[in-house]
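Participant: The structure file structure.cif (mmCIF, C-alpha atoms and all ligand atoms) is provided below.
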```
data_structure
#
loop_
_atom_site.label_atom_id
_atom_site.label_comp_id
_atom_site.auth_asym_id
_atom_site.auth_seq_id
_atom_site.Cartn_x
_atom_site.Cartn_y
_atom_site.Cartn_z
CA MET A 195 96.69 81.29 86.11
CA ASP A 196 99.47 83.56 87.34
CA GLU A 197 101.85 84.93 84.73
CA ALA A 198 105.10 86.45 85.95
CA SER A 199 106.61 89.59 84.44
CA THR A 200 110.29 89.63 83.58
CA ASP A 201 112.75 92.37 82.72
CA ARG A 202 114.96 92.32 79.63
CA ALA A 203 117.62 90.25 81.47
CA GLY A 204 115.00 87.61 82.29
CA ARG A 205 114.81 88.45 85.99
CA THR A 206 111.38 87.89 87.54
CA ILE A 207 109.83 91.19 88.54
CA ALA A 208 107.54 90.92 91.56
CA LEU A 209 105.81 93.34 93.90
CA ARG A 210 106.25 92.68 97.61
CA ALA A 211 104.78 94.22 100.76
CA VAL A 212 107.24 96.41 102.60
CA ASP A 213 108.39 94.39 105.61
CA ASP A 214 111.03 94.17 108.33
CA ASP A 215 113.54 92.69 105.90
CA ASN A 216 113.20 94.94 102.85
CA TRP A 217 112.14 98.38 104.12
CA ARG A 218 115.64 99.84 104.22
CA ALA A 219 116.36 98.83 100.62
CA VAL A 220 112.97 100.17 99.48
CA ALA A 221 113.54 103.47 101.34
CA ASP A 222 116.93 103.89 99.60
CA ILE A 223 115.50 103.63 96.06
CA ALA A 224 116.49 106.85 94.27
CA PRO A 225 115.91 108.26 90.77
CA ARG A 226 118.63 109.89 88.69
CA ASP A 227 119.52 113.40 89.90
CA GLU A 228 117.92 115.03 86.84
CA GLN A 229 114.63 113.16 87.55
CA ARG A 230 114.15 114.78 90.95
CA GLY A 231 111.85 117.35 89.40
CA PHE A 232 109.43 114.55 88.57
CA VAL A 233 109.53 112.40 91.72
CA ALA A 234 110.85 112.49 95.29
CA ALA A 235 114.63 112.23 95.71
CA LEU A 236 114.20 109.04 97.76
CA ALA A 237 111.42 106.45 97.97
CA ALA A 238 111.58 106.98 101.75
CA ARG A 239 109.23 109.92 101.25
CA TYR A 240 106.61 107.66 99.66
CA LEU A 241 107.02 105.09 102.41
CA LEU A 242 106.34 107.78 105.00
CA LEU A 243 103.28 108.92 103.06
CA SER A 244 101.96 105.35 103.05
CA MET A 245 102.60 104.99 106.77
CA ARG A 246 101.13 108.32 107.78
CA GLY A 247 97.99 108.70 105.72
CA GLY A 248 96.47 105.25 105.53
CA LEU A 249 95.51 106.09 101.95
CA TRP A 250 98.49 104.80 99.95
CA THR A 251 100.03 101.34 100.06
CA SER A 252 103.72 101.13 99.17
CA LEU A 253 105.18 98.03 97.54
CA GLY A 254 108.77 97.11 96.83
CA VAL A 255 109.71 96.10 93.29
CA LEU A 256 111.98 93.06 93.31
CA ALA A 257 114.09 91.70 90.44
CA ASP A 258 114.60 88.13 91.57
CA ASP A 259 115.75 88.82 95.16
CA THR A 260 117.01 92.38 94.73
CA VAL A 261 114.95 95.46 95.58
CA VAL A 262 115.10 97.68 92.47
CA GLY A 263 112.12 100.01 92.79
CA HIS A 264 109.06 101.35 94.55
CA VAL A 265 105.41 101.72 93.56
CA MET A 266 102.30 102.57 95.54
CA TRP A 267 98.55 102.44 95.02
CA ALA A 268 95.41 103.92 96.56
CA TYR A 269 91.64 103.76 96.15
CA ASP A 270 89.77 107.02 95.70
CA GLU A 271 86.29 106.27 97.04
CA GLU A 272 84.86 109.57 95.86
CA GLY A 273 86.03 109.14 92.27
CA GLY A 274 85.67 105.34 92.32
CA ALA A 275 89.12 104.83 90.78
CA TYR A 276 92.33 103.18 91.82
CA TRP A 277 95.46 105.34 91.64
CA ILE A 278 99.09 104.47 91.09
CA GLY A 279 101.86 106.73 92.41
CA GLY A 280 105.47 106.80 93.59
CA VAL A 281 106.73 104.87 90.57
CA VAL A 282 110.53 104.91 90.86
CA VAL A 283 113.09 102.49 89.47
CA ASP A 284 116.52 102.87 91.06
CA ALA A 285 118.87 104.98 88.89
CA ASP A 286 121.24 102.08 88.11
CA GLU A 287 118.38 99.75 87.20
CA GLN A 288 116.59 101.95 84.68
CA GLY A 289 116.30 101.06 81.00
CA ARG A 290 116.26 97.30 81.63
CA GLY A 291 112.53 96.67 81.45
CA VAL A 292 111.93 96.86 85.21
CA GLY A 293 109.50 99.79 85.08
CA ARG A 294 107.34 98.22 82.40
CA ALA A 295 107.25 94.84 84.18
CA ALA A 296 106.48 96.44 87.55
CA MET A 297 103.62 98.43 86.04
CA GLU A 298 102.22 95.30 84.37
CA GLU A 299 102.33 93.52 87.74
CA LEU A 300 100.62 96.38 89.54
CA ILE A 301 97.91 96.70 86.89
CA ARG A 302 97.31 92.96 87.16
CA LEU A 303 97.17 93.15 90.97
CA LEU A 304 94.65 96.02 90.99
CA SER A 305 92.57 94.58 88.14
CA ARG A 306 91.89 91.47 90.23
CA ARG A 307 89.89 93.59 92.69
CA PRO A 308 86.19 93.26 91.88
CA ASP A 309 85.57 97.01 92.24
CA CYS A 310 88.45 98.02 89.96
CA ARG A 311 86.99 99.64 86.85
CA GLU A 312 89.61 102.29 86.21
CA ILE A 313 93.23 102.94 87.15
CA ARG A 314 94.55 106.48 87.14
CA LEU A 315 97.92 108.11 87.55
CA SER A 316 99.55 111.45 86.88
CA TYR A 317 102.89 112.54 85.50
CA HIS A 318 104.72 115.75 84.78
CA PRO A 319 104.22 116.81 81.13
CA ASP A 320 108.01 117.05 80.64
CA ASN A 321 108.51 113.44 81.79
CA SER A 322 108.68 111.93 78.32
CA GLY A 323 110.01 108.54 79.50
CA ALA A 324 107.05 108.08 81.83
CA ALA A 325 104.63 109.32 79.15
CA LYS A 326 105.93 106.73 76.67
CA LEU A 327 105.71 103.93 79.21
CA TYR A 328 102.15 104.74 80.31
CA THR A 329 100.93 105.25 76.74
CA ALA A 330 102.41 101.88 75.76
CA LEU A 331 100.50 100.30 78.65
CA GLY A 332 97.22 101.73 77.35
CA PHE A 333 96.72 104.78 79.59
CA THR A 334 94.95 107.67 77.84
CA PRO A 335 94.55 111.33 78.85
CA THR A 336 91.48 112.19 80.95
CA GLY A 337 91.80 115.93 80.35
CA ASP A 338 92.25 116.43 84.11
CA PHE A 339 95.31 117.82 85.86
CA GLU A 340 96.56 117.15 89.39
CA ASP A 341 98.60 120.19 90.40
CA ASP A 342 100.81 120.55 87.30
CA GLU A 343 100.58 116.90 86.27
CA VAL A 344 98.64 115.26 83.43
CA VAL A 345 96.08 112.69 84.64
CA VAL A 346 95.75 109.55 82.50
CA ALA A 347 93.47 106.55 82.96
CA LEU A 348 93.27 102.90 82.01
CA THR A 349 89.86 101.24 81.76
CA VAL A 350 89.82 97.77 83.28
CA PRO A 351 87.67 95.41 81.24
CA ARG A 352 85.23 93.39 83.36
CA ASP A 353 83.89 89.98 82.52
CA PRO A 354 80.20 90.71 81.81
CA ALA A 355 79.29 87.43 83.49
CA GLY A 356 81.39 88.23 86.59
C1 LIG A 401 109.87 106.01 84.30
C2 LIG A 401 110.55 104.78 84.89
C3 LIG A 401 109.74 104.24 86.04
C4 LIG A 401 110.66 103.71 83.79
O1 LIG A 401 111.31 102.59 84.33
P1 LIG A 401 112.45 101.83 83.50
O2 LIG A 401 112.74 100.56 84.22
O3 LIG A 401 113.58 102.73 83.24
O4 LIG A 401 111.65 101.56 82.13
P2 LIG A 401 111.74 100.32 81.16
O5 LIG A 401 113.19 99.95 80.95
O6 LIG A 401 110.81 99.28 81.63
O7 LIG A 401 111.20 100.96 79.82
C5 LIG A 401 109.79 100.98 79.56
C6 LIG A 401 109.46 102.04 78.55
O8 LIG A 401 109.58 103.31 79.16
C7 LIG A 401 110.00 104.27 78.21
N1 LIG A 401 111.15 104.95 78.79
C8 LIG A 401 111.67 104.72 80.01
N2 LIG A 401 112.67 105.58 80.26
C9 LIG A 401 112.78 106.36 79.17
C10 LIG A 401 113.60 107.45 78.83
N3 LIG A 401 114.55 107.92 79.64
N4 LIG A 401 113.41 108.03 77.64
C11 LIG A 401 112.48 107.58 76.79
N5 LIG A 401 111.66 106.55 77.06
C12 LIG A 401 111.81 105.95 78.24
C13 LIG A 401 110.29 103.56 76.95
O9 LIG A 401 109.16 103.78 76.13
C14 LIG A 401 110.35 102.10 77.34
O10 LIG A 401 109.80 101.36 76.29
P3 LIG A 401 110.57 100.14 75.62
O11 LIG A 401 110.37 99.00 76.60
O12 LIG A 401 109.85 99.94 74.35
O13 LIG A 401 112.00 100.53 75.48
C15 LIG A 401 112.01 105.11 85.37
O14 LIG A 401 112.72 105.67 84.30
C16 LIG A 401 112.06 106.02 86.56
O15 LIG A 401 112.07 105.57 87.70
N6 LIG A 401 112.13 107.36 86.30
C17 LIG A 401 112.24 108.33 87.39
C18 LIG A 401 110.95 108.41 88.19
C19 LIG A 401 109.74 108.73 87.34
O16 LIG A 401 109.76 109.59 86.48
N7 LIG A 401 108.67 107.99 87.62
C20 LIG A 401 107.40 108.18 86.98
C21 LIG A 401 106.65 109.21 87.70
S1 LIG A 401 105.01 109.42 87.05
#
```
Please re-express this file's structure in structure tokens.

Facilitator:
Amino acid sequence: MDEASTDRAGRTIALRAVDDDNWRAVADIAPRDEQRGFVAALAARYLLLSMRGGLWTSLGVLADDTVVGHVMWAYDEEGGAYWIGGVVVDADEQGRGVGRAAMEELIRLLSRRPDCREIRLSYHPDNSGAAKLYTALGFTPTGDFEDDEVVVALTVPRDPAG
């Protein structure tokens, strides 16, 4: 059964592959100016990272038919964990429940993979909005740091029979 996530206005929040139609809108996603210390100034940087490295996969966040954000994920074979990165909701779309819904969708998407036992991500310790969101979603500190960022993890429960 597929549940859909919605934002506070009732728009359906979905994650979509970046394609010929939506890549410009995804590339233009930008945080607020004062958030540039936490994330790239434009999602275009994350799109390039996904295209260049073959490690990350970028996804557009859509509210109904409008591109409102960017997220990306990767699998770390060495550590055996999935990672989430590049979480940005467009400045004008923040505070409406998009970030929470997009994260719920991405967690659901990754959790469906049979080898997904743990999802990790990192955030700047001063990024209190992100910290609140991730804590509310169940992420807990690992004690690790990536550069100057706190690494948190979410354990994905597996069906013992599955
Ligand atoms: C962090 C971010 C993705 C959240 O997206 P959003 O759509 O604004 O968040 P939501 O409206 O879904 O709010 C979800 C929760 O986040 C927290 N939150 C989000 N922004 C916040 C802020 N400025 N201050 C305090 N809490 C905040 C709240 O706990 C909120 O909980 P609530 O639903 O009980 O109100 C968005 O603010 C963003 O793009 N920020 C800039 C980029 C960034 O910092 N990304 C994370 C990098 S690790």

Participant: Using the file's own x, y and z axes, what box holds all listed atoms of range 201-213 of chain A with 5 Å on each side, keeping edges along x, y and z, and what are its centre and edge lengths in Å to one decimal, as lines of an AutoDock Vina configuration file?

Facilitator:
```
center_x = 111.2
center_y = 92.0
center_z = 92.6
size_x = 22.8
size_y = 18.8
size_z = 36.0
```

Participant: Please check which protein, DNA or RNA residues sit within 8 Å of ligand LIG 401 (chain A), counting only C-alpha atoms and all ligand atoms, and write them as a count of residues only.

Facilitator: 39

Participant: Looking at A:Met245, A:Leu209, A:Ala203, A:Ala275, which one is nearest to Pro308 in chain A, with distances taken over all atoms listed in the file?

Facilitator: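 Under the stated criterion, the closest residue is A:Ala275.
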
Participant: Please work out which residues fall within 8 Å of (110.2, 88.6, 91.2), coordinates as given in the file, with all atoms listed in the file counting, and return them as a list in words.

Facilitator: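 In the file's frame, the residues around the point are Ala198, Ser199, Thr200, Arg205, Thr206, Ile207, Ala208, Leu209, Val255, Leu256, Ala257, Asp258 and Asp259 of chain A.
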
Participant: Which is closer to Asp309 in chain A than all the others in A:Gly274, A:Gly231, A:Gly337, A:Gly254, using all atoms listed in the file?

Facilitator: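 The closest residue to Asp309 in chain A is A:Gly274.
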
Participant: Taking only C-alpha atoms into account, which of A:Glu197, A:Tyr276, A:Ser252, A:Tyr240 comes nearest Asp213 in chain A?

Facilitator: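 For Asp213 in chain A, the nearest of the given residues is A:Ser252.
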
Participant: Can you patch up range 324-339 of chain A, filling it in to N, CA, C and O atoms, and show the result as a PDB file, in the coordinates of the input?

Facilitator:
```pdb
ATOM      1  N   ALA A 324     108.262 108.585  81.169  1.00  0.00           N
ATOM      2  CA  ALA A 324     107.050 108.080  81.830  1.00  0.00           C
ATOM      3  C   ALA A 324     105.866 108.116  80.864  1.00  0.00           C
ATOM      4  O   ALA A 324     105.085 107.163  80.781  1.00  0.00           O
ATOM      5  N   ALA A 325     105.753 109.196  80.102  1.00  0.00           N
ATOM      6  CA  ALA A 325     104.630 109.320  79.150  1.00  0.00           C
ATOM      7  C   ALA A 325     104.643 108.168  78.157  1.00  0.00           C
ATOM      8  O   ALA A 325     103.598 107.567  77.866  1.00  0.00           O
ATOM      9  N   LYS A 326     105.830 107.830  77.645  1.00  0.00           N
ATOM     10  CA  LYS A 326     105.930 106.730  76.670  1.00  0.00           C
ATOM     11  C   LYS A 326     105.531 105.402  77.300  1.00  0.00           C
ATOM     12  O   LYS A 326     104.811 104.595  76.705  1.00  0.00           O
ATOM     13  N   LEU A 327     106.007 105.183  78.517  1.00  0.00           N
ATOM     14  CA  LEU A 327     105.710 103.930  79.210  1.00  0.00           C
ATOM     15  C   LEU A 327     104.196 103.784  79.442  1.00  0.00           C
ATOM     16  O   LEU A 327     103.591 102.761  79.115  1.00  0.00           O
ATOM     17  N   TYR A 328     103.572 104.832  79.969  1.00  0.00           N
ATOM     18  CA  TYR A 328     102.150 104.740  80.310  1.00  0.00           C
ATOM     19  C   TYR A 328     101.283 104.629  79.049  1.00  0.00           C
ATOM     20  O   TYR A 328     100.293 103.903  79.026  1.00  0.00           O
ATOM     21  N   THR A 329     101.677 105.353  78.002  1.00  0.00           N
ATOM     22  CA  THR A 329     100.930 105.250  76.740  1.00  0.00           C
ATOM     23  C   THR A 329     101.018 103.830  76.187  1.00  0.00           C
ATOM     24  O   THR A 329     100.019 103.256  75.743  1.00  0.00           O
ATOM     25  N   ALA A 330     102.227 103.249  76.264  1.00  0.00           N
ATOM     26  CA  ALA A 330     102.410 101.880  75.760  1.00  0.00           C
ATOM     27  C   ALA A 330     101.567 100.883  76.551  1.00  0.00           C
ATOM     28  O   ALA A 330     101.139  99.853  76.022  1.00  0.00           O
ATOM     29  N   LEU A 331     101.298 101.196  77.806  1.00  0.00           N
ATOM     30  CA  LEU A 331     100.500 100.300  78.650  1.00  0.00           C
ATOM     31  C   LEU A 331      98.986 100.515  78.457  1.00  0.00           C
ATOM     32  O   LEU A 331      98.181  99.795  79.031  1.00  0.00           O
ATOM     33  N   GLY A 332      98.632 101.527  77.672  1.00  0.00           N
ATOM     34  CA  GLY A 332      97.220 101.730  77.350  1.00  0.00           C
ATOM     35  C   GLY A 332      96.548 102.879  78.091  1.00  0.00           C
ATOM     36  O   GLY A 332      95.337 103.079  77.952  1.00  0.00           O
ATOM     37  N   PHE A 333      97.303 103.628  78.889  1.00  0.00           N
ATOM     38  CA  PHE A 333      96.720 104.780  79.590  1.00  0.00           C
ATOM     39  C   PHE A 333      96.441 105.898  78.576  1.00  0.00           C
ATOM     40  O   PHE A 333      97.254 106.133  77.672  1.00  0.00           O
ATOM     41  N   THR A 334      95.298 106.569  78.739  1.00  0.00           N
ATOM     42  CA  THR A 334      94.950 107.670  77.840  1.00  0.00           C
ATOM     43  C   THR A 334      94.581 108.907  78.662  1.00  0.00           C
ATOM     44  O   THR A 334      94.107 108.781  79.804  1.00  0.00           O
ATOM     45  N   PRO A 335      94.792 110.093  78.096  1.00  0.00           N
ATOM     46  CA  PRO A 335      94.550 111.330  78.850  1.00  0.00           C
ATOM     47  C   PRO A 335      93.080 111.469  79.259  1.00  0.00           C
ATOM     48  O   PRO A 335      92.174 111.135  78.489  1.00  0.00           O
ATOM     49  N   THR A 336      92.857 111.951  80.479  1.00  0.00           N
ATOM     50  CA  THR A 336      91.480 112.190  80.950  1.00  0.00           C
ATOM     51  C   THR A 336      91.081 113.641  80.702  1.00  0.00           C
ATOM     52  O   THR A 336      89.905 113.980  80.800  1.00  0.00           O
ATOM     53  N   GLY A 337      92.069 114.501  80.449  1.00  0.00           N
ATOM     54  CA  GLY A 337      91.800 115.930  80.350  1.00  0.00           C
ATOM     55  C   GLY A 337      91.954 116.624  81.692  1.00  0.00           C
ATOM     56  O   GLY A 337      91.975 117.848  81.762  1.00  0.00           O
ATOM     57  N   ASP A 338      92.071 115.841  82.773  1.00  0.00           N
ATOM     58  CA  ASP A 338      92.250 116.430  84.110  1.00  0.00           C
ATOM     59  C   ASP A 338      93.726 116.673  84.396  1.00  0.00           C
ATOM     60  O   ASP A 338      94.595 116.031  83.810  1.00  0.00           O
ATOM     61  N   PHE A 339      93.954 117.576  85.348  1.00  0.00           N
ATOM     62  CA  PHE A 339      95.310 117.820  85.860  1.00  0.00           C
ATOM     63  C   PHE A 339      95.290 117.704  87.372  1.00  0.00           C
ATOM     64  O   PHE A 339      94.297 118.058  88.011  1.00  0.00           O
TER      65      PHE A 339
END
```
